[in-house]
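J.: Input structure: input.txt, which contains compact mmCIF, C-alpha atoms.
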```
# COMPACT_ATOMS: atom_id res chain seq x y z
CA MET A 1 112.99 72.23 43.90
CA THR A 2 110.83 74.86 45.54
CA LEU A 3 107.08 74.56 45.09
CA LYS A 4 104.88 77.62 45.37
CA ILE A 5 101.39 76.92 46.70
CA LYS A 6 98.61 79.48 46.46
CA LEU A 7 96.54 79.95 49.62
CA PHE A 8 93.03 81.28 50.09
CA ALA A 9 90.53 82.28 52.78
CA ALA A 10 91.24 80.76 56.23
CA ALA A 11 94.40 79.03 54.96
CA ALA A 12 95.84 82.36 53.79
CA GLN A 13 94.72 83.97 57.04
CA ALA A 14 96.42 81.24 59.11
CA ILE A 15 99.89 82.24 57.89
CA ASP A 16 99.05 85.80 56.82
CA SER A 17 100.12 85.24 53.20
CA ASP A 18 98.46 84.34 49.89
CA HIS A 19 101.13 81.74 49.13
CA VAL A 20 103.71 79.49 50.71
CA ARG A 21 106.96 78.05 49.32
CA VAL A 22 108.04 74.53 50.18
CA ALA A 23 111.46 73.14 49.35
CA CYS A 24 111.32 69.44 48.54
CA ALA A 25 112.57 66.72 46.24
CA THR A 26 110.22 65.92 43.38
CA PRO A 27 108.20 63.98 42.52
CA VAL A 28 106.38 64.62 45.78
CA THR A 29 102.95 63.23 46.59
CA ILE A 30 100.25 65.48 47.98
CA GLN A 31 100.30 63.37 51.14
CA ALA A 32 104.00 64.07 51.67
CA LEU A 33 103.52 67.72 50.81
CA LYS A 34 100.82 68.05 53.47
CA LEU A 35 103.24 66.74 56.11
CA LEU A 36 105.95 69.18 54.98
CA LEU A 37 103.48 72.05 55.09
CA ILE A 38 102.39 71.27 58.64
CA GLU A 39 106.02 70.92 59.69
CA GLN A 40 106.87 74.37 58.30
CA HIS A 41 103.59 76.10 59.18
CA PRO A 42 101.95 74.48 62.23
CA SER A 43 99.12 77.04 62.06
CA LEU A 44 97.86 75.28 58.90
CA GLU A 45 97.36 72.01 60.78
CA THR A 46 93.74 72.68 61.77
CA ILE A 47 92.42 73.37 58.31
CA LEU A 48 94.73 71.22 56.18
CA PRO A 49 92.92 67.87 56.65
CA TYR A 50 89.80 69.48 55.16
CA CYS A 51 91.56 71.03 52.15
CA ARG A 52 91.87 69.77 48.60
CA PHE A 53 94.79 70.51 46.30
CA ALA A 54 94.47 71.80 42.75
CA VAL A 55 97.09 71.47 40.04
CA ASP A 56 96.64 73.74 37.03
CA HIS A 57 93.07 74.52 38.15
CA GLU A 58 91.95 70.88 38.55
CA PHE A 59 91.34 69.05 41.82
CA ILE A 60 93.75 66.16 42.35
CA SER A 61 93.81 63.20 44.73
CA ASP A 62 96.21 62.68 47.64
CA ASP A 63 98.27 60.07 45.76
CA TYR A 64 98.98 62.45 42.86
CA ALA A 65 102.72 63.08 42.47
CA ILE A 66 103.87 66.55 41.52
CA THR A 67 106.72 66.35 39.04
CA ALA A 68 107.33 69.74 37.45
CA ASP A 69 106.46 73.39 37.61
CA HIS A 70 102.69 73.52 37.80
CA GLU A 71 100.30 76.02 39.35
CA LEU A 72 99.56 74.55 42.74
CA ALA A 73 96.82 75.71 45.10
CA LEU A 74 95.44 74.67 48.47
CA ILE A 75 91.65 74.77 48.34
CA PRO A 76 89.86 74.99 51.71
CA PRO A 77 86.20 73.88 51.77
CA VAL A 78 84.41 76.30 49.47
CA SER A 79 81.55 78.57 50.53
CA GLY A 80 80.42 80.37 47.40
CA GLY A 81 76.81 80.81 46.43
CA MET B 1 81.30 83.03 27.71
CA ALA B 2 78.21 82.64 29.81
CA VAL B 3 79.97 82.56 33.18
CA HIS B 4 81.15 85.71 34.89
CA LEU B 5 82.82 86.80 38.12
CA ILE B 6 82.03 90.44 38.74
CA HIS B 7 82.39 93.08 41.45
CA LEU B 8 79.29 95.10 40.56
CA GLU B 9 75.63 94.42 41.25
CA ILE B 10 74.26 91.42 39.34
CA ASP B 11 72.02 92.45 36.45
CA THR B 12 69.47 89.62 36.37
CA GLN B 13 67.45 91.25 33.57
CA ARG B 14 70.52 91.11 31.33
CA MET B 15 70.94 87.44 32.25
CA LEU B 16 67.34 86.62 31.36
CA ALA B 17 67.70 88.47 28.06
CA ALA B 18 70.91 86.51 27.39
CA VAL B 19 69.18 83.12 27.79
CA SER B 20 66.05 84.19 25.90
CA GLN B 21 65.52 82.05 22.80
CA THR B 22 62.47 81.29 20.68
CA SER B 23 63.15 77.55 21.10
CA ALA B 24 62.76 77.88 24.88
CA GLY B 25 59.50 77.08 26.65
CA ALA B 26 60.91 77.93 30.08
CA GLN B 27 63.28 80.43 31.66
CA LEU B 28 64.46 79.80 35.20
CA LEU B 29 66.24 82.37 37.37
CA PHE B 30 67.84 81.48 40.71
CA ILE B 31 69.19 84.29 42.88
CA GLY B 32 71.25 83.60 45.98
CA THR B 33 71.05 86.53 48.40
CA THR B 34 72.93 87.54 51.52
CA ARG B 35 71.14 86.69 54.76
CA ASP B 36 71.45 89.02 57.76
CA ILE B 37 70.72 86.51 60.57
CA THR B 38 72.42 83.14 61.11
CA GLY B 39 71.22 81.55 64.34
CA ASP B 40 71.58 84.41 66.82
CA ARG B 41 74.39 86.20 64.97
CA VAL B 42 73.98 89.31 62.86
CA THR B 43 75.82 89.74 59.57
CA GLN B 44 76.86 93.27 58.63
CA TRP B 45 78.24 92.27 55.25
CA LEU B 46 79.94 89.42 53.42
CA ASP B 47 83.23 89.54 51.58
CA TYR B 48 83.63 87.04 48.71
CA GLU B 49 87.00 85.88 47.40
CA ALA B 50 87.70 83.58 44.44
CA TYR B 51 90.60 81.68 42.97
CA LYS B 52 89.56 83.34 39.75
CA PRO B 53 91.10 81.30 36.92
CA MET B 54 90.05 78.02 38.53
CA ALA B 55 86.60 79.32 39.46
CA VAL B 56 85.96 80.38 35.85
CA SER B 57 87.26 77.06 34.56
CA LYS B 58 85.06 75.11 37.02
CA LEU B 59 81.98 77.19 36.14
CA GLU B 60 82.60 76.53 32.43
CA GLN B 61 82.88 72.81 33.19
CA LEU B 62 79.55 72.96 35.06
CA GLU B 63 77.97 74.66 32.10
CA SER B 64 79.21 72.09 29.61
CA THR B 65 78.27 69.13 31.85
CA ALA B 66 74.78 70.61 32.29
CA ASN B 67 74.42 70.96 28.53
CA GLU B 68 75.29 67.27 28.11
CA ARG B 69 72.97 66.13 30.86
CA TRP B 70 69.81 68.12 30.10
CA ASP B 71 68.04 69.52 27.08
CA ILE B 72 69.07 73.15 27.55
CA CYS B 73 68.89 76.23 25.31
CA ALA B 74 71.21 78.55 27.24
CA ILE B 75 72.86 79.03 30.65
CA GLU B 76 74.16 82.17 32.37
CA ILE B 77 76.02 82.03 35.69
CA VAL B 78 77.19 85.17 37.50
CA HIS B 79 78.94 85.22 40.89
CA ARG B 80 79.66 88.52 42.56
CA LEU B 81 82.88 89.05 44.55
CA GLY B 82 83.94 91.60 47.14
CA LYS B 83 81.73 93.27 49.71
CA ILE B 84 78.02 92.34 49.57
CA LEU B 85 75.37 93.74 51.89
CA PRO B 86 72.43 91.78 53.38
CA GLY B 87 69.63 91.40 50.84
CA GLU B 88 71.94 91.79 47.84
CA ALA B 89 72.51 89.01 45.31
CA SER B 90 75.79 87.12 45.56
CA VAL B 91 75.06 84.59 42.80
CA ALA B 92 72.54 84.22 39.99
CA ILE B 93 71.88 81.40 37.55
CA ALA B 94 69.61 81.69 34.50
CA VAL B 95 68.65 78.63 32.48
CA SER B 96 66.38 78.34 29.47
CA SER B 97 65.11 75.07 28.05
CA PRO B 98 62.43 73.78 25.68
CA HIS B 99 60.60 72.17 28.65
CA ARG B 100 60.50 73.36 32.28
CA GLU B 101 61.60 70.05 33.86
CA ASP B 102 65.08 70.43 32.37
CA ALA B 103 65.45 74.05 33.52
CA PHE B 104 64.38 73.20 37.09
CA ALA B 105 66.64 70.12 37.36
CA CYS B 106 69.59 71.85 35.70
CA GLY B 107 69.30 75.03 37.79
CA ARG B 108 69.14 73.01 41.00
CA TRP B 109 72.17 70.93 40.03
CA LEU B 110 74.16 74.02 39.00
CA ILE B 111 73.76 75.86 42.30
CA ASP B 112 74.30 72.69 44.39
CA THR B 113 77.47 71.78 42.47
CA LEU B 114 78.74 75.37 42.47
CA LYS B 115 78.54 75.34 46.26
CA GLN B 116 80.64 72.15 46.42
CA ASP B 117 83.29 72.54 43.74
CA VAL B 118 83.85 76.15 42.67
CA PRO B 119 86.72 77.81 44.58
CA ILE B 120 84.90 80.82 46.01
CA TRP B 121 84.81 81.66 49.71
CA LYS B 122 82.83 84.06 51.84
CA GLN B 123 83.96 85.89 54.93
CA GLU B 124 81.26 86.84 57.42
CA HIS B 125 81.61 90.29 58.93
CA TRP B 126 79.58 89.81 62.09
CA LEU B 127 78.25 92.52 64.32
CA ASP B 128 80.40 92.56 67.53
CA GLU B 129 82.65 89.68 66.45
CA GLN B 130 85.83 89.14 64.47
CA PRO B 131 85.42 88.48 60.72
CA GLN B 132 85.25 84.76 59.97
CA TRP B 133 86.00 82.79 56.80
CA ILE B 134 83.23 80.28 56.22
CA HIS B 135 84.28 76.72 55.42
CA PRO B 136 81.51 74.13 55.52
CA VAL B 137 83.41 71.94 58.00
CA ASP B 138 83.46 74.65 60.68
CA LYS B 139 81.59 72.35 63.09
CA ALA B 140 84.20 69.66 62.57
CA LEU B 141 86.87 72.29 63.22
CA GLY B 142 85.36 72.80 66.65
CA GLU B 143 83.82 76.23 66.15
```
How would this structure read if it were set down as structure tokens?

T.:
Amino acid sequence: MTLKIKLFAAAAQAIDSDHVRVACATPVTIQALKLLLIEQHPSLETILPYCRFAVDHEFISDDYAITADHELALIPPVSGG
Amino acid sequence: MAVHLIHLEIDTQRMLAAVSQTSAGAQLLFIGTTRDITGDRVTQWLDYEAYKPMAVSKLEQLESTANERWDICAIEIVHRLGKILPGEASVAIAVSSPHREDAFACGRWLIDTLKQDVPIWKQEHWLDEQPQWIHPVDKALGE
């Protein structure tokens, strides 16, 4: 299936888009997804190790496996306040 | 709800009125403002962006966790988005509680946790430099 991942701040700037689509077999772990992302968009490589992923507005760990159509977002280190 | 993301100036008087209760013995107001000098660089303005639905959800979680952890009457959290000039407020937190210790501890925890876990980002618009998204690992990224 194709996963759509929302992008923000420097991650969005790196590929000049507020989202990215990744074709992959599911379930896919966040770890595997990170590798696919870097493969497809090398400009994300610098910031990606510092990013967290969110599924349906909750932070998830790297061993989480994405199974279905959820809202997926890449969350670079936050700087609100 | 007592958490808001807005694009207009933050009305701190409204926030204080919103947390005002006769059971409260303390009202605490924290205001985070935009600084014009960082090291030797000059900020012209900041641009704030949020992943809005998640940011609201996270702020609501902070509010409910704070209510469990401390003896609190009311909490108001407002974060402003978009362009913010030096000296203007980007975030404000109002807390009321029966006793001041709870308001101080809760207010401190709310702003510290907001800065770690709420998906909001600022972009510095420097004088004489390209705009720069701020991510608190910038040193590790070699900048």

J.: Could the residues of chain B within 10 Å of chain A, counting only C-alpha atoms, be given as number ranges by chain, please?

T.: B: 31-34, 48-58, 78-81, 89-92, 111-123, 132-138, 140-142

J.: So, counting only C-alpha atoms, which residue among A:Leu35, A:Ile5, A:Ala68, A:Ile30 is closest to Asp18 in chain A?

T.: A:Ile5

J.: To test the calculation: enclose all listed atoms of range 45-62 of chain B in a box whose edges run along x, y and z, add 3 Å on each side, then state centre and edge lengths in Å to one decimal, as JSON.

T.:
```
{"center_x": 84.7, "center_y": 82.5, "center_z": 43.8, "size_x": 18.9, "size_y": 25.5, "size_z": 28.8}
```

J.: One number please: CA of Leu74 in chain A to CA of Pro27 in chain A, in Å, one decimal.

T.: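 Result for CA of Leu74 in chain A versus CA of Pro27 in chain A: 17.7 Å, one decimal.
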
J.: Suppose you want the space between CA of Trp70 in chain B and CA of Pro98 in chain B; what is it in Å?

T.: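 According to the coordinates, CA of Trp70 in chain B and CA of Pro98 in chain B are separated by 10.3 Å.
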
J.: At what distance in Å, to one decimal, does CA of Cys106 in chain B lie from CA of Leu28 in chain B?

T.: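 Taking CA of Leu28 in chain B as the start and CA of Cys106 in chain B as the end point, the length is 9.5 Å.
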
J.: When you count all atoms listed in the file, which of these residues is closest to Arg35 in chain B: B:Asp47, B:Val95, B:His125, B:Glu88?

T.: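 Counting all atoms listed in the file, the residue closest to Arg35 in chain B is B:Glu88.
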
J.: Find the residue from A:Leu48, A:Ile15, A:Val28, A:Met1 that sits nearest to Ala65 in chain A; use only C-alpha atoms when measuring.

T.: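 Smallest distance to Ala65 in chain A is found for A:Val28.
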
J.: With a distance cut-off of 12 Å and only C-alpha atoms, select the neighbouring residues of Ser23 in chain B, excluding the residue or stretch itself and same-chain residues fewer than 2 positions from it, and output the selection as a compact mmCIF listing (two decimals) with C-alpha atoms, keeping the file's coordinate frame.

T.:
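Ended up saving to around.txt:
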```
# COMPACT_ATOMS: atom_id res chain seq x y z
CA VAL B 19 69.18 83.12 27.79
CA SER B 20 66.05 84.19 25.90
CA GLN B 21 65.52 82.05 22.80
CA GLY B 25 59.50 77.08 26.65
CA ALA B 26 60.91 77.93 30.08
CA GLN B 27 63.28 80.43 31.66
CA ASP B 71 68.04 69.52 27.08
CA ILE B 72 69.07 73.15 27.55
CA CYS B 73 68.89 76.23 25.31
CA ALA B 74 71.21 78.55 27.24
CA SER B 96 66.38 78.34 29.47
CA SER B 97 65.11 75.07 28.05
CA PRO B 98 62.43 73.78 25.68
CA HIS B 99 60.60 72.17 28.65
```

J.: Calculated over all atoms listed in the file, which of the candidates B:Leu110, B:Thr12, B:His7, B:Arg41 has the smallest distance to Gln61 in chain B?

T.: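 Of the candidates, the smallest distance to Gln61 in chain B is held by B:Leu110.
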
J.: Have a look at B:Pro131, B:Gly107, B:Gly82, B:Gly39 and name the one nearest to Ile6 in chain B; count all atoms listed in the file.

T.: B:Gly82
